[in-house]
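> File query-v8.json below, JSON, C-alpha atoms:
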```
[["chain", "number", "residue", "atom", "x", "y", "z"],
["A", 241, "MET", "CA", 0.00, 0.00, 0.00],
["A", 242, "THR", "CA", 1.07, 3.62, -0.41],
["A", 243, "ARG", "CA", 2.52, 4.90, 2.83],
["A", 244, "ARG", "CA", 0.84, 8.27, 3.06],
["A", 245, "ALA", "CA", 2.34, 8.76, 6.53],
["A", 246, "LEU", "CA", 5.72, 9.18, 4.84],
["A", 247, "VAL", "CA", 4.45, 12.34, 3.17],
["A", 248, "THR", "CA", 4.57, 14.12, 6.50],
["A", 249, "LEU", "CA", 7.15, 12.08, 8.44],
["A", 250, "PRO", "CA", 10.89, 11.86, 7.77],
["A", 251, "HIS", "CA", 11.95, 8.31, 6.95],
["A", 252, "ARG", "CA", 14.00, 7.98, 10.15],
["A", 253, "VAL", "CA", 11.06, 9.09, 12.27],
["A", 254, "TYR", "CA", 8.70, 6.69, 10.50],
["A", 255, "ASP", "CA", 11.10, 3.77, 10.90],
["A", 256, "ASP", "CA", 11.53, 4.46, 14.62],
["A", 257, "ALA", "CA", 7.76, 4.83, 15.07],
["A", 258, "LEU", "CA", 7.28, 1.47, 13.35],
["A", 259, "THR", "CA", 9.77, -0.11, 15.74],
["A", 260, "LEU", "CA", 7.75, 1.17, 18.71],
["A", 261, "TRP", "CA", 4.45, 0.11, 17.09],
["A", 262, "ASP", "CA", 5.72, -3.44, 16.56],
["A", 263, "TYR", "CA", 6.83, -3.57, 20.20],
["A", 264, "HIS", "CA", 3.49, -2.49, 21.66],
["A", 265, "VAL", "CA", 1.24, -4.60, 19.41],
["A", 266, "LEU", "CA", 1.23, -8.00, 21.13],
["A", 267, "ARG", "CA", -0.63, -10.12, 18.58],
["A", 268, "HIS", "CA", -2.06, -12.54, 21.13],
["A", 269, "ALA", "CA", -3.91, -15.47, 19.59],
["A", 270, "PRO", "CA", -7.72, -15.05, 19.82],
["A", 271, "ARG", "CA", -9.50, -17.19, 22.40],
["A", 272, "ARG", "CA", -12.71, -17.40, 24.39],
["A", 273, "SER", "CA", -12.92, -15.52, 27.72],
["A", 274, "ASP", "CA", -15.39, -15.00, 30.56],
["A", 275, "VAL", "CA", -15.50, -11.26, 29.88],
["A", 276, "GLY", "CA", -14.33, -8.66, 27.40],
["A", 277, "ILE", "CA", -13.03, -5.41, 28.91],
["A", 278, "GLY", "CA", -13.09, -2.45, 26.54],
["A", 279, "LEU", "CA", -10.63, 0.21, 27.71],
["A", 280, "GLY", "CA", -11.79, 3.76, 27.12],
["A", 281, "SER", "CA", -9.75, 6.15, 24.97],
["A", 282, "HIS", "CA", -10.16, 8.58, 22.08],
["A", 283, "ASP", "CA", -10.56, 5.66, 19.67],
["A", 284, "LEU", "CA", -14.13, 4.48, 19.02],
["A", 285, "GLY", "CA", -12.63, 1.61, 17.05],
["A", 286, "VAL", "CA", -12.11, -0.12, 20.40],
["A", 287, "ALA", "CA", -15.88, -0.41, 20.86],
["A", 288, "GLU", "CA", -16.30, -1.59, 17.28],
["A", 289, "HIS", "CA", -13.66, -4.29, 17.69],
["A", 290, "ALA", "CA", -15.22, -5.37, 20.99],
["A", 291, "ALA", "CA", -18.56, -5.76, 19.23],
["A", 292, "THR", "CA", -16.92, -7.87, 16.52],
["A", 293, "LEU", "CA", -15.37, -10.16, 19.15],
["A", 294, "PHE", "CA", -18.73, -10.48, 20.92],
["A", 295, "HIS", "CA", -20.44, -11.55, 17.71],
["A", 296, "GLU", "CA", -17.62, -14.04, 17.09],
["A", 297, "GLY", "CA", -18.48, -15.64, 20.43],
["A", 298, "ARG", "CA", -15.24, -14.68, 22.16],
["A", 299, "PHE", "CA", -17.16, -13.63, 25.29],
["A", 300, "GLU", "CA", -20.78, -13.25, 26.41],
["A", 301, "LEU", "CA", -20.28, -10.29, 28.74],
["A", 302, "LEU", "CA", -18.67, -6.97, 27.85],
["A", 303, "VAL", "CA", -17.55, -4.21, 30.21],
["A", 304, "PHE", "CA", -16.71, -0.76, 28.88],
["A", 305, "THR", "CA", -14.63, 1.33, 31.27],
["A", 306, "GLY", "CA", -13.68, 5.00, 31.11],
["A", 307, "ALA", "CA", -14.71, 8.47, 32.22],
["A", 308, "THR", "CA", -14.11, 11.68, 30.29],
["A", 309, "THR", "CA", -10.58, 13.07, 30.25],
["A", 310, "ALA", "CA", -9.07, 16.26, 28.87],
["A", 311, "THR", "CA", -8.23, 14.47, 25.62],
["A", 312, "THR", "CA", -11.67, 12.90, 25.12],
["A", 313, "ALA", "CA", -14.13, 15.44, 26.55],
["A", 314, "ARG", "CA", -14.96, 16.94, 23.17],
["A", 315, "LEU", "CA", -15.34, 13.55, 21.46],
["A", 316, "PHE", "CA", -17.20, 11.76, 24.25],
["A", 317, "PRO", "CA", -18.91, 14.34, 26.48],
["A", 318, "ARG", "CA", -20.99, 11.65, 28.28],
["A", 319, "GLY", "CA", -17.89, 9.61, 29.03],
["A", 320, "GLU", "CA", -15.82, 7.13, 27.04],
["A", 321, "ALA", "CA", -17.58, 4.04, 28.38],
["A", 322, "ALA", "CA", -21.05, 5.45, 27.72],
["A", 323, "HIS", "CA", -20.22, 6.28, 24.09],
["A", 324, "TYR", "CA", -18.54, 2.90, 23.63],
["A", 325, "ARG", "CA", -21.68, 1.19, 24.90],
["A", 326, "GLU", "CA", -23.88, 3.17, 22.53],
["A", 327, "ARG", "CA", -21.69, 2.19, 19.58],
["A", 328, "ALA", "CA", -21.71, -1.49, 20.61],
["A", 329, "LEU", "CA", -25.51, -1.46, 20.83],
["A", 330, "GLU", "CA", -25.69, 0.12, 17.36],
["A", 331, "LEU", "CA", -23.62, -2.83, 16.15],
["A", 332, "GLY", "CA", -26.04, -5.36, 17.60],
["A", 333, "VAL", "CA", -24.60, -6.21, 21.00],
["A", 334, "PRO", "CA", -27.56, -6.82, 23.37],
["A", 335, "ASP", "CA", -28.06, -4.26, 26.11],
["A", 336, "ASP", "CA", -28.08, -6.94, 28.82],
["A", 337, "ALA", "CA", -24.64, -8.13, 27.71],
["A", 338, "VAL", "CA", -22.97, -4.77, 28.45],
["A", 339, "LEU", "CA", -21.87, -3.24, 31.75],
["A", 340, "VAL", "CA", -20.51, 0.30, 32.05],
["A", 341, "GLU", "CA", -17.81, 1.46, 34.44],
["A", 342, "PRO", "CA", -17.90, 5.28, 34.07],
["A", 343, "HIS", "CA", -15.30, 6.52, 36.56],
["A", 344, "ALA", "CA", -11.84, 5.31, 35.49],
["A", 345, "ARG", "CA", -9.41, 7.97, 34.27],
["A", 346, "ASN", "CA", -6.33, 5.84, 33.61],
["A", 347, "THR", "CA", -5.46, 2.24, 32.79],
["A", 348, "GLY", "CA", -4.89, 1.21, 36.41],
["A", 349, "GLU", "CA", -8.33, 2.51, 37.35],
["A", 350, "ASN", "CA", -9.84, 0.79, 34.30],
["A", 351, "ILE", "CA", -8.70, -2.54, 35.71],
["A", 352, "ARG", "CA", -9.33, -1.92, 39.42],
["A", 353, "PHE", "CA", -12.76, -0.37, 38.92],
["A", 354, "THR", "CA", -13.84, -3.10, 36.49],
["A", 355, "ARG", "CA", -12.76, -5.73, 38.98],
["A", 356, "ARG", "CA", -14.82, -4.03, 41.67],
["A", 357, "LEU", "CA", -17.85, -3.62, 39.39],
["A", 358, "LEU", "CA", -17.86, -7.31, 38.54],
["A", 359, "ALA", "CA", -17.44, -8.32, 42.19],
["A", 360, "ASP", "CA", -20.23, -5.98, 43.29],
["A", 361, "SER", "CA", -22.43, -7.48, 40.56],
["A", 362, "GLY", "CA", -21.75, -10.99, 41.84],
["A", 363, "ILE", "CA", -19.94, -11.98, 38.65],
["A", 364, "THR", "CA", -16.91, -14.24, 38.96],
["A", 365, "VAL", "CA", -14.44, -14.18, 36.09],
["A", 366, "ARG", "CA", -11.24, -16.12, 35.65],
["A", 367, "THR", "CA", -10.34, -15.14, 32.09],
["A", 368, "ALA", "CA", -10.60, -11.83, 30.25],
["A", 369, "THR", "CA", -9.91, -10.27, 26.89],
["A", 370, "LEU", "CA", -8.60, -6.71, 27.09],
["A", 371, "VAL", "CA", -9.87, -4.77, 24.09],
["A", 372, "CYS", "CA", -7.88, -1.61, 23.46],
["A", 373, "LYS", "CA", -6.01, 0.53, 20.95],
["A", 374, "PRO", "CA", -3.38, -1.46, 19.05],
["A", 375, "TYR", "CA", -0.42, 0.34, 20.62],
["A", 376, "HIS", "CA", -1.93, 0.20, 24.13],
["A", 377, "GLN", "CA", -1.82, -3.59, 24.32],
["A", 378, "ARG", "CA", 1.52, -4.05, 26.06],
["A", 379, "ARG", "CA", 0.83, -1.54, 28.82],
["A", 380, "ALA", "CA", -2.76, -2.74, 29.29],
["A", 381, "TYR", "CA", -1.49, -6.30, 29.69],
["A", 382, "ALA", "CA", 1.31, -5.26, 32.07],
["A", 383, "THR", "CA", -1.12, -3.19, 34.15],
["A", 384, "THR", "CA", -3.62, -6.02, 34.48],
["A", 385, "ARG", "CA", -0.94, -8.54, 35.45],
["A", 386, "LYS", "CA", 0.03, -6.18, 38.29],
["A", 387, "GLN", "CA", -3.41, -4.98, 39.40],
["A", 388, "TRP", "CA", -5.31, -8.26, 38.98],
["A", 389, "PRO", "CA", -2.60, -10.96, 38.99],
["A", 390, "GLU", "CA", -4.90, -13.97, 39.34],
["A", 391, "LEU", "CA", -6.82, -13.06, 36.18],
["A", 392, "ASP", "CA", -5.82, -15.00, 33.06],
["A", 393, "VAL", "CA", -5.73, -12.19, 30.55],
["A", 394, "HIS", "CA", -4.87, -11.60, 26.92],
["A", 395, "CYS", "CA", -5.24, -8.62, 24.60],
["A", 396, "SER", "CA", -7.09, -7.99, 21.37],
["A", 397, "ALA", "CA", -7.10, -4.94, 19.13],
["A", 398, "GLU", "CA", -8.13, -4.06, 15.63],
["A", 399, "ARG", "CA", -5.68, -5.66, 13.19],
["A", 400, "ILE", "CA", -4.36, -2.58, 11.47],
["A", 401, "THR", "CA", -0.97, -1.41, 10.25],
["A", 402, "LEU", "CA", 0.80, 1.68, 11.50],
["A", 403, "ASP", "CA", 0.17, 3.37, 8.16],
["A", 404, "GLU", "CA", -3.54, 2.59, 8.31],
["A", 405, "TYR", "CA", -3.76, 3.81, 11.90],
["A", 406, "MET", "CA", -1.99, 7.07, 11.10],
["A", 407, "ASP", "CA", -4.33, 7.62, 8.17],
["A", 408, "ALA", "CA", -7.37, 6.86, 10.36],
["A", 409, "ILE", "CA", -6.26, 9.30, 13.05],
["A", 410, "GLY", "CA", -5.39, 11.88, 10.41],
["A", 411, "ASP", "CA", -2.29, 13.15, 12.20],
["A", 412, "ALA", "CA", 0.90, 11.10, 11.87],
["A", 413, "ASP", "CA", 2.86, 13.32, 14.27],
["A", 414, "ARG", "CA", 0.23, 12.84, 16.96],
["A", 415, "VAL", "CA", 0.54, 9.07, 16.66],
["A", 416, "VAL", "CA", 4.33, 9.28, 17.03],
["A", 417, "HIS", "CA", 3.93, 11.40, 20.17],
["A", 418, "MET", "CA", 1.55, 8.76, 21.60],
["A", 419, "LEU", "CA", 3.89, 5.88, 20.77],
["A", 420, "VAL", "CA", 6.76, 7.65, 22.53],
["A", 421, "GLY", "CA", 4.56, 8.26, 25.57],
["A", 422, "GLU", "CA", 3.51, 4.62, 25.69],
["A", 423, "THR", "CA", 7.12, 3.48, 25.58],
["A", 424, "GLN", "CA", 8.15, 5.77, 28.40],
["A", 425, "ARG", "CA", 5.24, 4.53, 30.52],
["A", 426, "ILE", "CA", 6.42, 0.93, 30.13],
["A", 427, "LEU", "CA", 9.61, 1.98, 31.89],
["A", 428, "VAL", "CA", 8.32, 4.54, 34.38],
["A", 429, "TYR", "CA", 5.16, 2.75, 35.50],
["A", 430, "ALA", "CA", 7.03, -0.48, 36.28],
["A", 431, "ARG", "CA", 9.36, 1.50, 38.57],
["A", 432, "ARG", "CA", 6.35, 3.09, 40.27],
["A", 433, "GLY", "CA", 4.74, -0.31, 40.83],
["A", 434, "PHE", "CA", 1.77, 0.33, 38.52],
["A", 435, "THR", "CA", 2.68, -2.47, 36.08],
["A", 436, "ILE", "CA", 4.82, -5.56, 35.87],
["A", 437, "ALA", "CA", 8.25, -5.01, 34.34],
["A", 438, "GLN", "CA", 8.56, -5.55, 30.60],
["A", 439, "GLU", "CA", 11.74, -6.23, 28.66],
["A", 440, "VAL", "CA", 12.63, -3.36, 26.34],
["A", 441, "PRO", "CA", 14.88, -4.54, 23.51],
["A", 442, "ALA", "CA", 17.88, -2.39, 22.65],
["A", 443, "GLU", "CA", 16.45, -1.39, 19.26],
["A", 444, "VAL", "CA", 13.22, -0.22, 20.89],
["A", 445, "ASP", "CA", 15.11, 1.82, 23.48],
["A", 446, "ALA", "CA", 17.27, 3.38, 20.77],
["A", 447, "ALA", "CA", 14.24, 4.27, 18.63],
["A", 448, "TYR", "CA", 12.49, 5.78, 21.66],
["A", 449, "ARG", "CA", 15.51, 7.91, 22.54],
["A", 450, "ARG", "CA", 15.93, 9.18, 18.99],
["A", 451, "LEU", "CA", 12.29, 10.22, 18.84],
["A", 452, "VAL", "CA", 12.55, 12.02, 22.19],
["A", 453, "SER", "CA", 15.63, 13.84, 20.89],
["A", 454, "ALA", "CA", 13.66, 14.74, 17.76],
["A", 455, "GLY", "CA", 11.05, 16.50, 19.92],
["A", 456, "TYR", "CA", 8.28, 13.91, 20.22],
["A", 457, "VAL", "CA", 7.72, 14.63, 23.89],
["A", 458, "SER", "CA", 4.16, 15.92, 24.31],
["A", 459, "ARG", "CA", 2.90, 12.64, 25.84],
["A", 460, "LEU", "CA", 5.74, 12.10, 28.28],
["A", 461, "VAL", "CA", 5.03, 11.94, 32.00],
["A", 462, "GLN", "CA", 7.23, 13.54, 34.64],
["A", 463, "GLU", "CA", 9.47, 10.78, 35.95],
["A", 464, "GLY", "CA", 9.96, 12.31, 39.39],
["A", 465, "LEU", "CA", 6.26, 12.14, 40.32]]
```
As structure tokens - that is how I would like this structure written.


Amino acid sequence: MTRRALVTLPHRVYDDALTLWDYHVLRHAPRRSDVGIGLGSHDLGVAEHAATLFHEGRFELLVFTGATTATTARLFPRGEAAHYRERALELGVPDDAVLVEPHARNTGENIRFTRRLLADSGITVRTATLVCKPYHQRRAYATTRKQWPELDVHCSAERITLDEYMDAIGDADRVVHMLVGETQRILVYARRGFTIAQEVPAEVDAAYRRLVSAGYVSRLVQEGL
């Protein structure tokens, strides 16, 4: 396919972004789970992919989790989870198969609050499919393994290339900023105890550092906090 992202990105930047993309996309094999957990974000494609998995019989219960944040307030004024639910219902998921957790504002809260919602609802789950943005898979998995260690969890995301994702978002630079932020969080959040530690290959670390040096820093968190 024609790589339209290269029209706006220097080749070195694109290659480093692709290295980070390939690191964060886990490509877990599909399987059946007790519950699907759709993690709120700016990307409505998460809800659409969750609906596809439901119709494929991957799970019979779906939880959407997410409040409104500064980056999603304009897109989803009633909250990420509420808009995700509405989209899933439009795609034929039955209302009684969907639960909404409307308070979480980060990935750790997505997992902890979903766990509490299920427990309060008297629902026992042993296996789960995390449904999220493609490049959020590694951190979502690492967060769940830390916050809910007894849960047997795997990830699923829309199967899409970096080029296709950049074209869908409509802003290649924004995607690079987000990939850099995700990579930093793998390192920082493990040190803070939010996630399990993940190996970062040398080529991923080098790509991350080059992109930081190139100015892709808008999604970085302060490491001293």

> Extract, using all atoms listed in the file, all DNA, RNA and protein residues at most 7 Å from stretch 255-268 of chain A, discarding same-chain residues fewer than 5 positions from it, and format them as a list in words.

Pro374, Tyr375, His376, Gln377, Arg378, His394, Cys395, Ser396, Leu402, Val416, Leu419, Val444 and Ala447 of chain A

> If I put a ball of radius 8 Å at (10.7, 10.1, 24.9) in the file's coordinates, which residues poke into it when counting only C-alpha atoms, written as a list in words?

Val420, Gly421, Thr423, Gln424, Tyr448, Arg449, Arg450, Leu451, Val452, Ser453, Tyr456, Val457 and Leu460 of chain A

> Suppose you want the space between atom CA of A:Ile351 and atom CA of A:Met406; what is it in Å?

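Atom CA of A:Met406 lies at a distance of 27.3 Å from atom CA of A:Ile351.
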
> Distance table requested - stretch 242-341 of chain A against stretch 354-368 of chain A, cut-off 8 Å, all atoms listed in the file: one row per qualifying residue with the closest atom pair and its distance in Å to one decimal, ordered by chain and rising residue number, as a tab-separated table.


```
residue	atom	partner	partner_atom	distance
A:Ser273	CA	A:Ala368	CA	5.0
A:Asp274	CA	A:Thr367	CA	5.3
A:Val275	CA	A:Ala368	CA	4.9
A:Gly276	CA	A:Ala368	CA	5.7
A:Ile277	CA	A:Ala368	CA	7.0
A:Val303	CA	A:Thr354	CA	7.4
A:Thr305	CA	A:Thr354	CA	6.9
A:Glu341	CA	A:Thr354	CA	6.4
```

> Figure out the distance between atom CA of A:Phe304 and atom CA of A:Arg325, please, to one decimal in Å.

6.7 Å

> Between atom CA of A:Arg271 and atom CA of A:Tyr405, what is the distance in Å, rounded to a tenth?

24.2 Å

> Between A:Ile400, A:Leu315, A:Leu301, A:Ala344, which residue has the minimum interatomic distance to A:Asp283, considering all atoms listed in the file?

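Nearest candidate to A:Asp283 out of A:Ile400, A:Leu315, A:Leu301, A:Ala344: A:Leu315.
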
> Find, counting all atoms listed in the file, the residue in A:His323, A:Arg314, A:His282, A:Arg414 that gets nearest to A:Leu249.

A:Arg414

> Pick out the closest residue to A:Phe316 from this set: A:Gly455, A:Pro342, A:Pro389, A:Gly348. Count all atoms listed in the file.

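Closest residue, counting all atoms listed in the file: A:Pro342.
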
> May I ask which of the residues A:Val393, A:Val338, A:Leu331, A:Val286 is the closest one to A:Arg272, counting all atoms listed in the file?

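Once distances to A:Arg272 are computed over all atoms listed in the file, the minimum belongs to A:Val393.
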
> Which is closest to A:Arg327 among A:Ala412, A:Leu293, A:Val371, A:Ala287, if we use only C-alpha atoms?

A:Ala287

> Counting all atoms listed in the file, figure out which residue out of A:Ala382, A:Cys372, A:Ala290, A:Leu391 gets nearest to A:Gly433.

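Looking only at the distances to A:Gly433, the closest residue turns out to be A:Ala382.
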
> Please identify all polymer residues within 10 Å of A:Asp336, counting all atoms listed in the file, omitting same-chain residues fewer than 3 positions from it, and present them as a list in words.

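The filter keeps Glu300, Leu301, Leu302, Val333 and Leu339 of chain A.
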
> Would you place a box with edges along x, y and z of the file around all atoms of stretch 453-465 of chain A listed there, add 3 Å to each of its six sides, and report the centre and edge lengths in Å to one decimal, as JSON?


```
{"center_x": 9.3, "center_y": 13.6, "center_z": 29.0, "size_x": 18.7, "size_y": 11.7, "size_z": 28.6}
```
